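Undergrad: So I've got this file, input.cif, and it contains mmCIF, N, CA and C atoms and all ligand atoms:
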```
data_target
loop_
_atom_site.label_atom_id
_atom_site.label_comp_id
_atom_site.auth_asym_id
_atom_site.auth_seq_id
_atom_site.Cartn_x
_atom_site.Cartn_y
_atom_site.Cartn_z
N MET A 1 17.73 21.62 4.85
CA MET A 1 17.58 20.51 3.90
C MET A 1 16.41 20.81 2.97
N PRO A 2 16.63 20.78 1.66
CA PRO A 2 15.51 21.03 0.74
C PRO A 2 14.41 19.98 0.95
N LEU A 3 13.17 20.38 0.70
CA LEU A 3 12.05 19.51 0.97
C LEU A 3 12.14 18.20 0.19
N ASP A 4 12.54 18.28 -1.07
CA ASP A 4 12.63 17.06 -1.88
C ASP A 4 13.61 16.06 -1.26
N ASP A 5 14.72 16.58 -0.71
CA ASP A 5 15.71 15.70 -0.08
C ASP A 5 15.12 15.05 1.17
N LEU A 6 14.34 15.83 1.91
CA LEU A 6 13.71 15.29 3.11
C LEU A 6 12.74 14.17 2.73
N TYR A 7 11.92 14.42 1.70
CA TYR A 7 10.98 13.39 1.23
C TYR A 7 11.76 12.14 0.84
N ARG A 8 12.84 12.35 0.06
CA ARG A 8 13.62 11.22 -0.42
C ARG A 8 14.17 10.41 0.75
N GLU A 9 14.61 11.13 1.79
CA GLU A 9 15.19 10.48 2.95
C GLU A 9 14.15 9.62 3.67
N ILE A 10 12.93 10.15 3.80
CA ILE A 10 11.86 9.39 4.48
C ILE A 10 11.50 8.15 3.66
N ILE A 11 11.43 8.32 2.32
CA ILE A 11 11.13 7.19 1.44
C ILE A 11 12.22 6.12 1.54
N MET A 12 13.49 6.57 1.52
CA MET A 12 14.62 5.63 1.63
C MET A 12 14.57 4.88 2.96
N GLU A 13 14.20 5.59 4.02
CA GLU A 13 14.16 4.97 5.34
C GLU A 13 13.09 3.88 5.38
N HIS A 14 11.93 4.15 4.77
CA HIS A 14 10.88 3.13 4.70
C HIS A 14 11.36 1.91 3.92
N ALA A 15 12.12 2.15 2.84
CA ALA A 15 12.58 1.04 2.00
C ALA A 15 13.67 0.23 2.70
N ARG A 16 14.54 0.95 3.44
CA ARG A 16 15.64 0.26 4.14
C ARG A 16 15.14 -0.54 5.32
N ASN A 17 14.24 0.05 6.06
CA ASN A 17 13.69 -0.58 7.26
C ASN A 17 12.17 -0.58 7.20
N PRO A 18 11.62 -1.43 6.34
CA PRO A 18 10.17 -1.38 6.15
C PRO A 18 9.40 -1.71 7.42
N GLN A 19 8.30 -1.00 7.61
CA GLN A 19 7.37 -1.33 8.68
C GLN A 19 6.59 -2.57 8.27
N ASN A 20 6.24 -3.39 9.25
CA ASN A 20 5.29 -4.50 9.01
C ASN A 20 5.80 -5.52 8.01
N ARG A 21 7.11 -5.75 8.01
CA ARG A 21 7.64 -6.76 7.11
C ARG A 21 7.63 -8.11 7.80
N GLY A 22 7.25 -9.13 7.04
CA GLY A 22 7.26 -10.48 7.58
C GLY A 22 5.93 -11.15 7.37
N PRO A 23 5.90 -12.47 7.55
CA PRO A 23 4.65 -13.20 7.35
C PRO A 23 3.68 -12.94 8.50
N LEU A 24 2.42 -13.24 8.25
CA LEU A 24 1.40 -13.06 9.28
C LEU A 24 0.57 -14.34 9.31
N ALA A 25 0.84 -15.17 10.31
CA ALA A 25 0.14 -16.45 10.41
C ALA A 25 -1.33 -16.21 10.70
N GLY A 26 -2.19 -16.98 10.04
CA GLY A 26 -3.62 -16.88 10.31
C GLY A 26 -4.28 -15.63 9.78
N ALA A 27 -3.67 -14.98 8.79
CA ALA A 27 -4.26 -13.77 8.22
C ALA A 27 -5.61 -14.08 7.59
N THR A 28 -6.51 -13.11 7.62
CA THR A 28 -7.83 -13.30 7.02
C THR A 28 -7.71 -13.52 5.52
N PHE A 29 -6.85 -12.74 4.87
CA PHE A 29 -6.56 -13.01 3.46
C PHE A 29 -5.14 -12.60 3.12
N GLN A 30 -4.63 -13.18 2.06
CA GLN A 30 -3.30 -12.83 1.58
C GLN A 30 -3.29 -12.84 0.05
N VAL A 31 -2.44 -12.00 -0.52
CA VAL A 31 -2.38 -11.85 -1.97
C VAL A 31 -0.92 -11.72 -2.40
N GLY A 32 -0.52 -12.50 -3.38
CA GLY A 32 0.81 -12.37 -3.95
C GLY A 32 0.72 -11.71 -5.32
N LEU A 33 1.62 -10.77 -5.56
CA LEU A 33 1.62 -10.05 -6.84
C LEU A 33 3.06 -9.71 -7.20
N ASN A 34 3.30 -9.59 -8.51
CA ASN A 34 4.59 -9.04 -8.90
C ASN A 34 4.44 -8.03 -10.01
N ASN A 35 5.49 -7.28 -10.21
CA ASN A 35 5.53 -6.23 -11.21
C ASN A 35 6.68 -6.57 -12.16
N PRO A 36 6.37 -7.28 -13.25
CA PRO A 36 7.43 -7.81 -14.12
C PRO A 36 8.33 -6.73 -14.72
N THR A 37 7.81 -5.54 -14.93
CA THR A 37 8.63 -4.52 -15.58
C THR A 37 9.79 -4.10 -14.70
N CYS A 38 9.65 -4.29 -13.38
CA CYS A 38 10.72 -3.85 -12.47
C CYS A 38 11.29 -5.01 -11.67
N GLY A 39 10.52 -6.12 -11.57
CA GLY A 39 10.97 -7.26 -10.77
C GLY A 39 10.52 -7.21 -9.32
N ASP A 40 9.63 -6.28 -9.00
CA ASP A 40 9.12 -6.19 -7.63
C ASP A 40 8.19 -7.36 -7.34
N GLU A 41 8.31 -7.91 -6.13
CA GLU A 41 7.43 -8.99 -5.69
C GLU A 41 6.90 -8.66 -4.31
N ILE A 42 5.62 -8.93 -4.11
CA ILE A 42 5.05 -8.67 -2.79
C ILE A 42 4.01 -9.73 -2.47
N VAL A 43 3.99 -10.15 -1.20
CA VAL A 43 2.87 -10.93 -0.68
C VAL A 43 2.32 -10.11 0.48
N LEU A 44 1.06 -9.76 0.35
CA LEU A 44 0.41 -8.94 1.37
C LEU A 44 -0.47 -9.82 2.25
N PHE A 45 -0.37 -9.63 3.56
CA PHE A 45 -1.20 -10.35 4.53
C PHE A 45 -2.05 -9.34 5.27
N VAL A 46 -3.35 -9.59 5.35
CA VAL A 46 -4.25 -8.69 6.08
C VAL A 46 -5.07 -9.52 7.05
N ASP A 47 -5.07 -9.10 8.31
CA ASP A 47 -5.89 -9.77 9.31
C ASP A 47 -6.96 -8.80 9.79
N LEU A 48 -8.21 -9.25 9.80
CA LEU A 48 -9.33 -8.40 10.21
C LEU A 48 -9.78 -8.77 11.61
N ASP A 49 -10.29 -7.78 12.35
CA ASP A 49 -10.84 -8.08 13.67
C ASP A 49 -12.33 -8.41 13.54
N ASP A 50 -13.02 -8.56 14.68
CA ASP A 50 -14.42 -8.99 14.66
C ASP A 50 -15.33 -7.97 14.00
N GLU A 51 -14.89 -6.72 13.95
CA GLU A 51 -15.70 -5.67 13.33
C GLU A 51 -15.27 -5.41 11.89
N ALA A 52 -14.49 -6.33 11.34
CA ALA A 52 -14.02 -6.24 9.95
C ALA A 52 -13.15 -5.02 9.71
N ARG A 53 -12.43 -4.59 10.76
CA ARG A 53 -11.40 -3.56 10.58
C ARG A 53 -10.05 -4.25 10.47
N VAL A 54 -9.13 -3.58 9.83
CA VAL A 54 -7.79 -4.14 9.67
C VAL A 54 -7.10 -4.15 11.02
N LYS A 55 -6.88 -5.36 11.53
CA LYS A 55 -6.18 -5.49 12.81
C LYS A 55 -4.68 -5.41 12.58
N GLU A 56 -4.24 -6.09 11.54
CA GLU A 56 -2.82 -6.06 11.23
C GLU A 56 -2.62 -6.28 9.73
N ALA A 57 -1.62 -5.62 9.17
CA ALA A 57 -1.26 -5.82 7.76
C ALA A 57 0.25 -5.94 7.69
N LYS A 58 0.72 -6.97 7.02
CA LYS A 58 2.16 -7.18 6.86
C LYS A 58 2.46 -7.58 5.42
N PHE A 59 3.71 -7.51 5.07
CA PHE A 59 4.06 -7.94 3.71
C PHE A 59 5.43 -8.58 3.69
N GLU A 60 5.59 -9.46 2.70
CA GLU A 60 6.89 -10.04 2.41
C GLU A 60 7.20 -9.74 0.96
N GLY A 61 8.46 -9.83 0.61
CA GLY A 61 8.81 -9.64 -0.78
C GLY A 61 10.07 -8.81 -0.92
N GLN A 62 10.33 -8.48 -2.18
CA GLN A 62 11.52 -7.70 -2.45
C GLN A 62 11.27 -6.86 -3.69
N GLY A 63 11.99 -5.78 -3.79
CA GLY A 63 11.80 -4.93 -4.95
C GLY A 63 12.53 -3.62 -4.79
N CYS A 64 12.20 -2.71 -5.66
CA CYS A 64 12.89 -1.41 -5.67
C CYS A 64 12.46 -0.56 -4.48
N THR A 65 13.17 0.52 -4.30
CA THR A 65 12.91 1.43 -3.19
C THR A 65 11.46 1.89 -3.16
N ILE A 66 10.93 2.27 -4.33
CA ILE A 66 9.57 2.82 -4.38
C ILE A 66 8.54 1.76 -3.98
N SER A 67 8.70 0.53 -4.49
CA SER A 67 7.71 -0.51 -4.19
C SER A 67 7.74 -0.89 -2.72
N MET A 68 8.93 -0.96 -2.14
CA MET A 68 9.05 -1.34 -0.73
C MET A 68 8.57 -0.21 0.18
N ALA A 69 8.90 1.02 -0.18
CA ALA A 69 8.45 2.16 0.63
C ALA A 69 6.93 2.25 0.60
N ALA A 70 6.33 2.03 -0.58
CA ALA A 70 4.87 2.11 -0.69
C ALA A 70 4.21 1.01 0.13
N ALA A 71 4.78 -0.20 0.12
CA ALA A 71 4.21 -1.31 0.89
C ALA A 71 4.33 -1.01 2.39
N SER A 72 5.46 -0.46 2.79
CA SER A 72 5.67 -0.11 4.19
C SER A 72 4.65 0.95 4.65
N MET A 73 4.49 1.99 3.85
CA MET A 73 3.56 3.07 4.21
C MET A 73 2.11 2.60 4.15
N MET A 74 1.79 1.78 3.15
CA MET A 74 0.41 1.32 2.99
C MET A 74 -0.01 0.45 4.16
N THR A 75 0.86 -0.49 4.58
CA THR A 75 0.48 -1.37 5.68
C THR A 75 0.32 -0.58 6.97
N GLU A 76 1.07 0.51 7.11
CA GLU A 76 0.87 1.39 8.26
C GLU A 76 -0.47 2.11 8.17
N ALA A 77 -0.76 2.60 6.96
CA ALA A 77 -1.91 3.50 6.77
C ALA A 77 -3.25 2.80 6.93
N ILE A 78 -3.33 1.49 6.61
CA ILE A 78 -4.65 0.84 6.62
C ILE A 78 -5.00 0.24 7.98
N ARG A 79 -4.06 0.21 8.90
CA ARG A 79 -4.37 -0.40 10.20
C ARG A 79 -5.50 0.38 10.88
N GLY A 80 -6.51 -0.36 11.36
CA GLY A 80 -7.64 0.26 12.04
C GLY A 80 -8.76 0.69 11.10
N LYS A 81 -8.51 0.62 9.80
CA LYS A 81 -9.53 1.05 8.83
C LYS A 81 -10.48 -0.11 8.50
N THR A 82 -11.72 0.25 8.15
CA THR A 82 -12.62 -0.75 7.56
C THR A 82 -12.15 -1.01 6.14
N LEU A 83 -12.69 -2.08 5.53
CA LEU A 83 -12.30 -2.38 4.15
C LEU A 83 -12.75 -1.27 3.21
N GLY A 84 -13.90 -0.67 3.50
CA GLY A 84 -14.37 0.45 2.68
C GLY A 84 -13.43 1.64 2.79
N GLU A 85 -12.98 1.93 4.00
CA GLU A 85 -12.03 3.03 4.19
C GLU A 85 -10.70 2.74 3.51
N ALA A 86 -10.29 1.47 3.56
CA ALA A 86 -9.03 1.09 2.91
C ALA A 86 -9.15 1.28 1.40
N LEU A 87 -10.30 0.92 0.84
CA LEU A 87 -10.50 1.09 -0.60
C LEU A 87 -10.55 2.58 -0.97
N ALA A 88 -11.14 3.39 -0.09
CA ALA A 88 -11.20 4.84 -0.35
C ALA A 88 -9.79 5.42 -0.35
N LEU A 89 -8.96 4.96 0.60
CA LEU A 89 -7.57 5.42 0.64
C LEU A 89 -6.86 5.02 -0.65
N SER A 90 -7.10 3.79 -1.09
CA SER A 90 -6.47 3.30 -2.31
C SER A 90 -6.89 4.15 -3.51
N ALA A 91 -8.16 4.51 -3.56
CA ALA A 91 -8.66 5.33 -4.68
C ALA A 91 -8.01 6.71 -4.68
N ARG A 92 -7.87 7.31 -3.49
CA ARG A 92 -7.23 8.63 -3.40
C ARG A 92 -5.77 8.55 -3.83
N TYR A 93 -5.12 7.48 -3.38
CA TYR A 93 -3.71 7.29 -3.72
C TYR A 93 -3.54 7.16 -5.23
N ARG A 94 -4.44 6.43 -5.87
CA ARG A 94 -4.37 6.27 -7.33
C ARG A 94 -4.60 7.60 -8.03
N GLU A 95 -5.49 8.42 -7.47
CA GLU A 95 -5.70 9.75 -8.05
C GLU A 95 -4.40 10.55 -8.00
N MET A 96 -3.70 10.43 -6.86
CA MET A 96 -2.41 11.12 -6.74
C MET A 96 -1.43 10.62 -7.81
N LEU A 97 -1.41 9.29 -8.03
CA LEU A 97 -0.50 8.74 -9.03
C LEU A 97 -0.86 9.20 -10.44
N LEU A 98 -2.12 9.60 -10.61
CA LEU A 98 -2.55 10.13 -11.91
C LEU A 98 -2.30 11.63 -12.00
N GLY A 99 -1.75 12.19 -10.93
CA GLY A 99 -1.37 13.60 -10.98
C GLY A 99 -2.34 14.57 -10.33
N LYS A 100 -3.40 14.04 -9.66
CA LYS A 100 -4.32 14.94 -8.97
C LYS A 100 -3.77 15.28 -7.59
N ASP A 101 -3.79 16.56 -7.28
CA ASP A 101 -3.14 17.01 -6.05
C ASP A 101 -4.07 17.20 -4.86
N ASP A 102 -5.38 17.04 -5.05
CA ASP A 102 -6.27 17.28 -3.92
C ASP A 102 -6.30 16.06 -3.00
N HIS A 103 -6.74 16.28 -1.77
CA HIS A 103 -6.86 15.22 -0.76
C HIS A 103 -5.52 14.62 -0.34
N LEU A 104 -4.43 15.30 -0.59
CA LEU A 104 -3.13 14.74 -0.20
C LEU A 104 -3.01 14.59 1.31
N ASP A 105 -3.71 15.46 2.06
CA ASP A 105 -3.64 15.38 3.53
C ASP A 105 -4.13 14.03 4.04
N ASP A 106 -5.08 13.44 3.32
CA ASP A 106 -5.63 12.16 3.76
C ASP A 106 -4.64 11.02 3.63
N LEU A 107 -3.58 11.23 2.89
CA LEU A 107 -2.68 10.13 2.55
C LEU A 107 -1.50 9.97 3.50
N GLY A 108 -1.28 10.93 4.38
CA GLY A 108 -0.16 10.82 5.30
C GLY A 108 1.16 10.71 4.56
N ASP A 109 2.04 9.82 5.05
CA ASP A 109 3.36 9.64 4.42
C ASP A 109 3.25 9.24 2.95
N LEU A 110 2.16 8.57 2.59
CA LEU A 110 2.00 8.12 1.20
C LEU A 110 2.07 9.28 0.21
N ALA A 111 1.69 10.48 0.68
CA ALA A 111 1.73 11.65 -0.20
C ALA A 111 3.16 11.98 -0.63
N LEU A 112 4.13 11.49 0.15
CA LEU A 112 5.54 11.76 -0.20
C LEU A 112 5.91 11.07 -1.51
N LEU A 113 5.13 10.07 -1.92
CA LEU A 113 5.44 9.34 -3.15
C LEU A 113 4.90 10.04 -4.40
N LYS A 114 4.34 11.22 -4.20
CA LYS A 114 3.77 11.98 -5.32
C LYS A 114 4.78 12.19 -6.45
N GLY A 115 6.06 12.28 -6.07
CA GLY A 115 7.09 12.53 -7.07
C GLY A 115 7.18 11.48 -8.17
N VAL A 116 6.66 10.26 -7.92
CA VAL A 116 6.77 9.22 -8.93
C VAL A 116 5.95 9.55 -10.18
N THR A 117 5.01 10.48 -10.06
CA THR A 117 4.22 10.83 -11.24
C THR A 117 5.10 11.37 -12.36
N GLN A 118 6.29 11.84 -11.99
CA GLN A 118 7.24 12.33 -13.00
C GLN A 118 7.98 11.19 -13.70
N PHE A 119 7.81 9.97 -13.18
CA PHE A 119 8.53 8.81 -13.73
C PHE A 119 7.52 7.70 -14.02
N PRO A 120 6.89 7.74 -15.21
CA PRO A 120 5.80 6.80 -15.50
C PRO A 120 6.16 5.34 -15.27
N MET A 121 7.43 4.97 -15.49
CA MET A 121 7.83 3.58 -15.27
C MET A 121 7.70 3.17 -13.80
N ARG A 122 7.79 4.16 -12.90
CA ARG A 122 7.77 3.83 -11.47
C ARG A 122 6.37 3.83 -10.88
N VAL A 123 5.38 4.29 -11.65
CA VAL A 123 4.03 4.35 -11.11
C VAL A 123 3.53 2.95 -10.74
N LYS A 124 3.88 1.95 -11.56
CA LYS A 124 3.48 0.56 -11.24
C LYS A 124 4.13 0.09 -9.94
N CYS A 125 5.36 0.51 -9.73
CA CYS A 125 6.06 0.15 -8.48
C CYS A 125 5.31 0.73 -7.29
N ALA A 126 4.91 1.98 -7.43
CA ALA A 126 4.22 2.68 -6.34
C ALA A 126 2.83 2.11 -6.10
N ALA A 127 2.23 1.53 -7.15
CA ALA A 127 0.85 1.05 -7.05
C ALA A 127 0.76 -0.41 -6.61
N LEU A 128 1.87 -1.15 -6.67
CA LEU A 128 1.83 -2.60 -6.48
C LEU A 128 1.14 -3.03 -5.17
N ALA A 129 1.53 -2.43 -4.07
CA ALA A 129 0.97 -2.83 -2.78
C ALA A 129 -0.54 -2.56 -2.73
N PHE A 130 -0.95 -1.45 -3.34
CA PHE A 130 -2.38 -1.12 -3.34
C PHE A 130 -3.17 -2.03 -4.27
N THR A 131 -2.55 -2.43 -5.38
CA THR A 131 -3.22 -3.38 -6.27
C THR A 131 -3.44 -4.70 -5.52
N ALA A 132 -2.45 -5.13 -4.76
CA ALA A 132 -2.59 -6.34 -3.95
C ALA A 132 -3.71 -6.17 -2.93
N LEU A 133 -3.76 -5.02 -2.31
CA LEU A 133 -4.80 -4.74 -1.31
C LEU A 133 -6.19 -4.81 -1.94
N GLU A 134 -6.34 -4.18 -3.09
CA GLU A 134 -7.65 -4.16 -3.76
C GLU A 134 -8.08 -5.57 -4.18
N LYS A 135 -7.13 -6.34 -4.71
CA LYS A 135 -7.46 -7.72 -5.10
C LYS A 135 -7.88 -8.54 -3.88
N GLY A 136 -7.14 -8.38 -2.80
CA GLY A 136 -7.43 -9.13 -1.58
C GLY A 136 -8.81 -8.80 -1.05
N ILE A 137 -9.16 -7.52 -1.04
CA ILE A 137 -10.47 -7.11 -0.52
C ILE A 137 -11.58 -7.64 -1.42
N THR A 138 -11.38 -7.56 -2.73
CA THR A 138 -12.39 -8.05 -3.68
C THR A 138 -12.63 -9.55 -3.48
N HIS A 139 -11.54 -10.31 -3.39
CA HIS A 139 -11.68 -11.76 -3.19
C HIS A 139 -12.34 -12.07 -1.86
N HIS A 140 -11.93 -11.32 -0.83
CA HIS A 140 -12.48 -11.56 0.50
C HIS A 140 -13.99 -11.31 0.51
N LYS A 141 -14.43 -10.23 -0.14
CA LYS A 141 -15.86 -9.91 -0.17
C LYS A 141 -16.63 -10.97 -0.95
N GLU A 142 -16.06 -11.42 -2.06
CA GLU A 142 -16.73 -12.47 -2.85
C GLU A 142 -16.85 -13.75 -2.02
N ALA A 143 -15.80 -14.10 -1.32
CA ALA A 143 -15.82 -15.31 -0.50
C ALA A 143 -16.86 -15.18 0.60
N ALA A 144 -16.97 -13.99 1.18
CA ALA A 144 -17.94 -13.76 2.26
C ALA A 144 -19.36 -13.90 1.72
N LEU A 145 -19.60 -13.39 0.50
CA LEU A 145 -20.93 -13.51 -0.10
C LEU A 145 -21.30 -14.96 -0.30
N HIS A 146 -20.34 -15.74 -0.84
CA HIS A 146 -20.62 -17.16 -1.08
C HIS A 146 -20.87 -17.89 0.23
N GLY A 147 -20.18 -17.46 1.27
CA GLY A 147 -20.34 -18.11 2.56
C GLY A 147 -21.74 -17.93 3.14
N GLN A 148 -22.41 -16.86 2.71
CA GLN A 148 -23.75 -16.57 3.26
C GLN A 148 -24.87 -17.26 2.47
N GLU A 149 -24.53 -17.84 1.34
CA GLU A 149 -25.56 -18.47 0.53
C GLU A 149 -26.09 -19.75 1.18
ZN ZN B 201 9.89 -1.24 -8.79
#
```
Is it possible to express this structure as structure tokens?
Ligand code: ZN

TA:
Amino acid sequence: MPLDDLYREIIMEHARNPQNRGPLAGATFQVGLNNPTCGDEIVLFVDLDDEARVKEAKFEGQGCTISMAAASMMTEAIRGKTLGEALALSARYREMLLGKDDHLDDLGDLALLKGVTQFPMRVKCAALAFTALEKGITHHKEAALHGQE
């Protein structure tokens, strides 16, 4: 099987049977976002443990294969990470979407989405889940700061 076909198959499998799909009651924070150019919709739920690591991440929504596969892979990838580590992963992933090929090993399955760089319209689809993650972390940190005042 050619490598591209194998990648495509793994991406399709994530989109058909997404990991971590469904609501998450009592999540530490949640973010809803959509991508109007494609019609993708996502609500991301993130629950943190006592050490502020991601205990669980889930998502609801609907959209194209790329957006659903990215959400499935992202929610898998951030489990156990601190918020800083999650943001670092997001930054590396965005570099990949901009066409930079270094640090792909750090991305795990997410590196399989590198092919979207050839389709500029799909880059937003691939980025949607991470944009939701970044917004959620930013809001969560701001809320935590206000709580300490
Ligand atoms: Zn899409």

Undergrad: With only N, CA and C atoms as the counted atoms, please give the residues lying no more than 8 Å from region 134-136 of chain A, apart from itself and same-chain residues fewer than 2 positions off, as a ChimeraX atom specification.

TA: /A:29-32,44,86-87,90,128-132,138-142

Undergrad: Residues near Leu113 (chain A), anyone? I mean within 8 Å using all atoms listed in the file, not counting same-chain ones fewer than 2 positions away, as a list in words.

TA: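 Contacts, with the query itself left out: Tyr7, Ile11, Ile66, Ala70, Met96, Leu97, Gly108, Asp109, Leu110, Ala111, Gly115, Val116, Thr117, Gln118 and Ala126 of chain A.
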
Undergrad: Interatomic distance between CA of Leu112 (chain A) and atom C of Ala69 (chain A)?

TA: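 Calculated distance between CA of Leu112 (chain A) and atom C of Ala69 (chain A) is 9.6 Å.
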
Undergrad: Set the distance at 8 Å and use only C-alpha atoms: which residues neighbour Asp40 (chain A) once local chain neighbours fewer than 5 positions away are removed? I'd like the list as a list in words.

TA: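 The filter keeps Asn34, Asn35, Gly61, Gln62, Gly63, Cys64, Ser67 and Cys125 of chain A.
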
Undergrad: From the options A:Ala91, A:Glu13, A:Leu107, A:Lys124, which residue's atoms come nearest to ligand ZN 201 (chain B), counting all atoms listed in the file?

TA: A:Lys124

Undergrad: For ligand ZN 201 (chain B), which of A:Leu133, A:Met68, A:Leu89, A:Val54 is the closest residue, counting all atoms listed in the file?

TA: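 Checking each of A:Leu133, A:Met68, A:Leu89, A:Val54 against ligand ZN 201 (chain B), counting all atoms listed in the file, the winner is A:Met68.
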
Undergrad: Among region 104-145 of chain A, which ones does DSSP assign to alpha helix (DSSP H) (computed from the backbone)? Answer as a ChimeraX atom specification.

TA: /A:120-145

Undergrad: Quick one: DSSP strand (DSSP E) residues in region 47-103 of chain A, as a VMD selection string?

TA: chain A and resid 47 to 48 54 to 62

Undergrad: Write the residues of the selection above to a file with N, CA and C atoms, as a compact mmCIF listing (two decimals), keeping the file's coordinate frame.

TA:
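Output (selection-v2.txt):
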```txt
# COMPACT_ATOMS: atom_id res chain seq x y z
N ASP A 47 -5.07 -9.10 8.31
CA ASP A 47 -5.89 -9.77 9.31
C ASP A 47 -6.96 -8.80 9.79
N LEU A 48 -8.21 -9.25 9.80
CA LEU A 48 -9.33 -8.40 10.21
C LEU A 48 -9.78 -8.77 11.61
N VAL A 54 -9.13 -3.58 9.83
CA VAL A 54 -7.79 -4.14 9.67
C VAL A 54 -7.10 -4.15 11.02
N LYS A 55 -6.88 -5.36 11.53
CA LYS A 55 -6.18 -5.49 12.81
C LYS A 55 -4.68 -5.41 12.58
N GLU A 56 -4.24 -6.09 11.54
CA GLU A 56 -2.82 -6.06 11.23
C GLU A 56 -2.62 -6.28 9.73
N ALA A 57 -1.62 -5.62 9.17
CA ALA A 57 -1.26 -5.82 7.76
C ALA A 57 0.25 -5.94 7.69
N LYS A 58 0.72 -6.97 7.02
CA LYS A 58 2.16 -7.18 6.86
C LYS A 58 2.46 -7.58 5.42
N PHE A 59 3.71 -7.51 5.07
CA PHE A 59 4.06 -7.94 3.71
C PHE A 59 5.43 -8.58 3.69
N GLU A 60 5.59 -9.46 2.70
CA GLU A 60 6.89 -10.04 2.41
C GLU A 60 7.20 -9.74 0.96
N GLY A 61 8.46 -9.83 0.61
CA GLY A 61 8.81 -9.64 -0.78
C GLY A 61 10.07 -8.81 -0.92
N GLN A 62 10.33 -8.48 -2.18
CA GLN A 62 11.52 -7.70 -2.45
C GLN A 62 11.27 -6.86 -3.69
```

Undergrad: Under the rule that only N, CA and C atoms are counted, which of A:Leu24, A:Leu33, A:Glu41, A:Glu9 is the nearest residue to Ala57 (chain A)?

TA: A:Leu24

Undergrad: What is the distance, in Å and to one decimal place, between CA of Leu83 (chain A) and CA of Phe45 (chain A)?

TA: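 Those two atoms sit 13.7 Å apart.
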
Undergrad: A:Ala143, A:Lys100, A:Ala71, A:Glu51: which is nearest Pro18 (chain A), counting all atoms listed in the file?

TA: A:Ala71

Undergrad: Restricting the calculation to all atoms listed in the file, which member of A:Leu6, A:Thr37, A:Ile78, A:Val43 is positioned closest to ligand ZN 201 (chain B)?

TA: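 Residue with the minimum atom-to-atom distance to ligand ZN 201 (chain B): A:Thr37.
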
Undergrad: A:Pro2, A:Gly39, A:Gly26, A:Gly80: which is nearest ligand ZN 201 (chain B), counting all atoms listed in the file?

TA: A:Gly39

Undergrad: Between atom N of Ala27 (chain A) and CA of Asp47 (chain A), what is the distance, to one decimal in Å?

TA: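 Taking atom N of Ala27 (chain A) as the start and CA of Asp47 (chain A) as the end point, the length is 5.7 Å.
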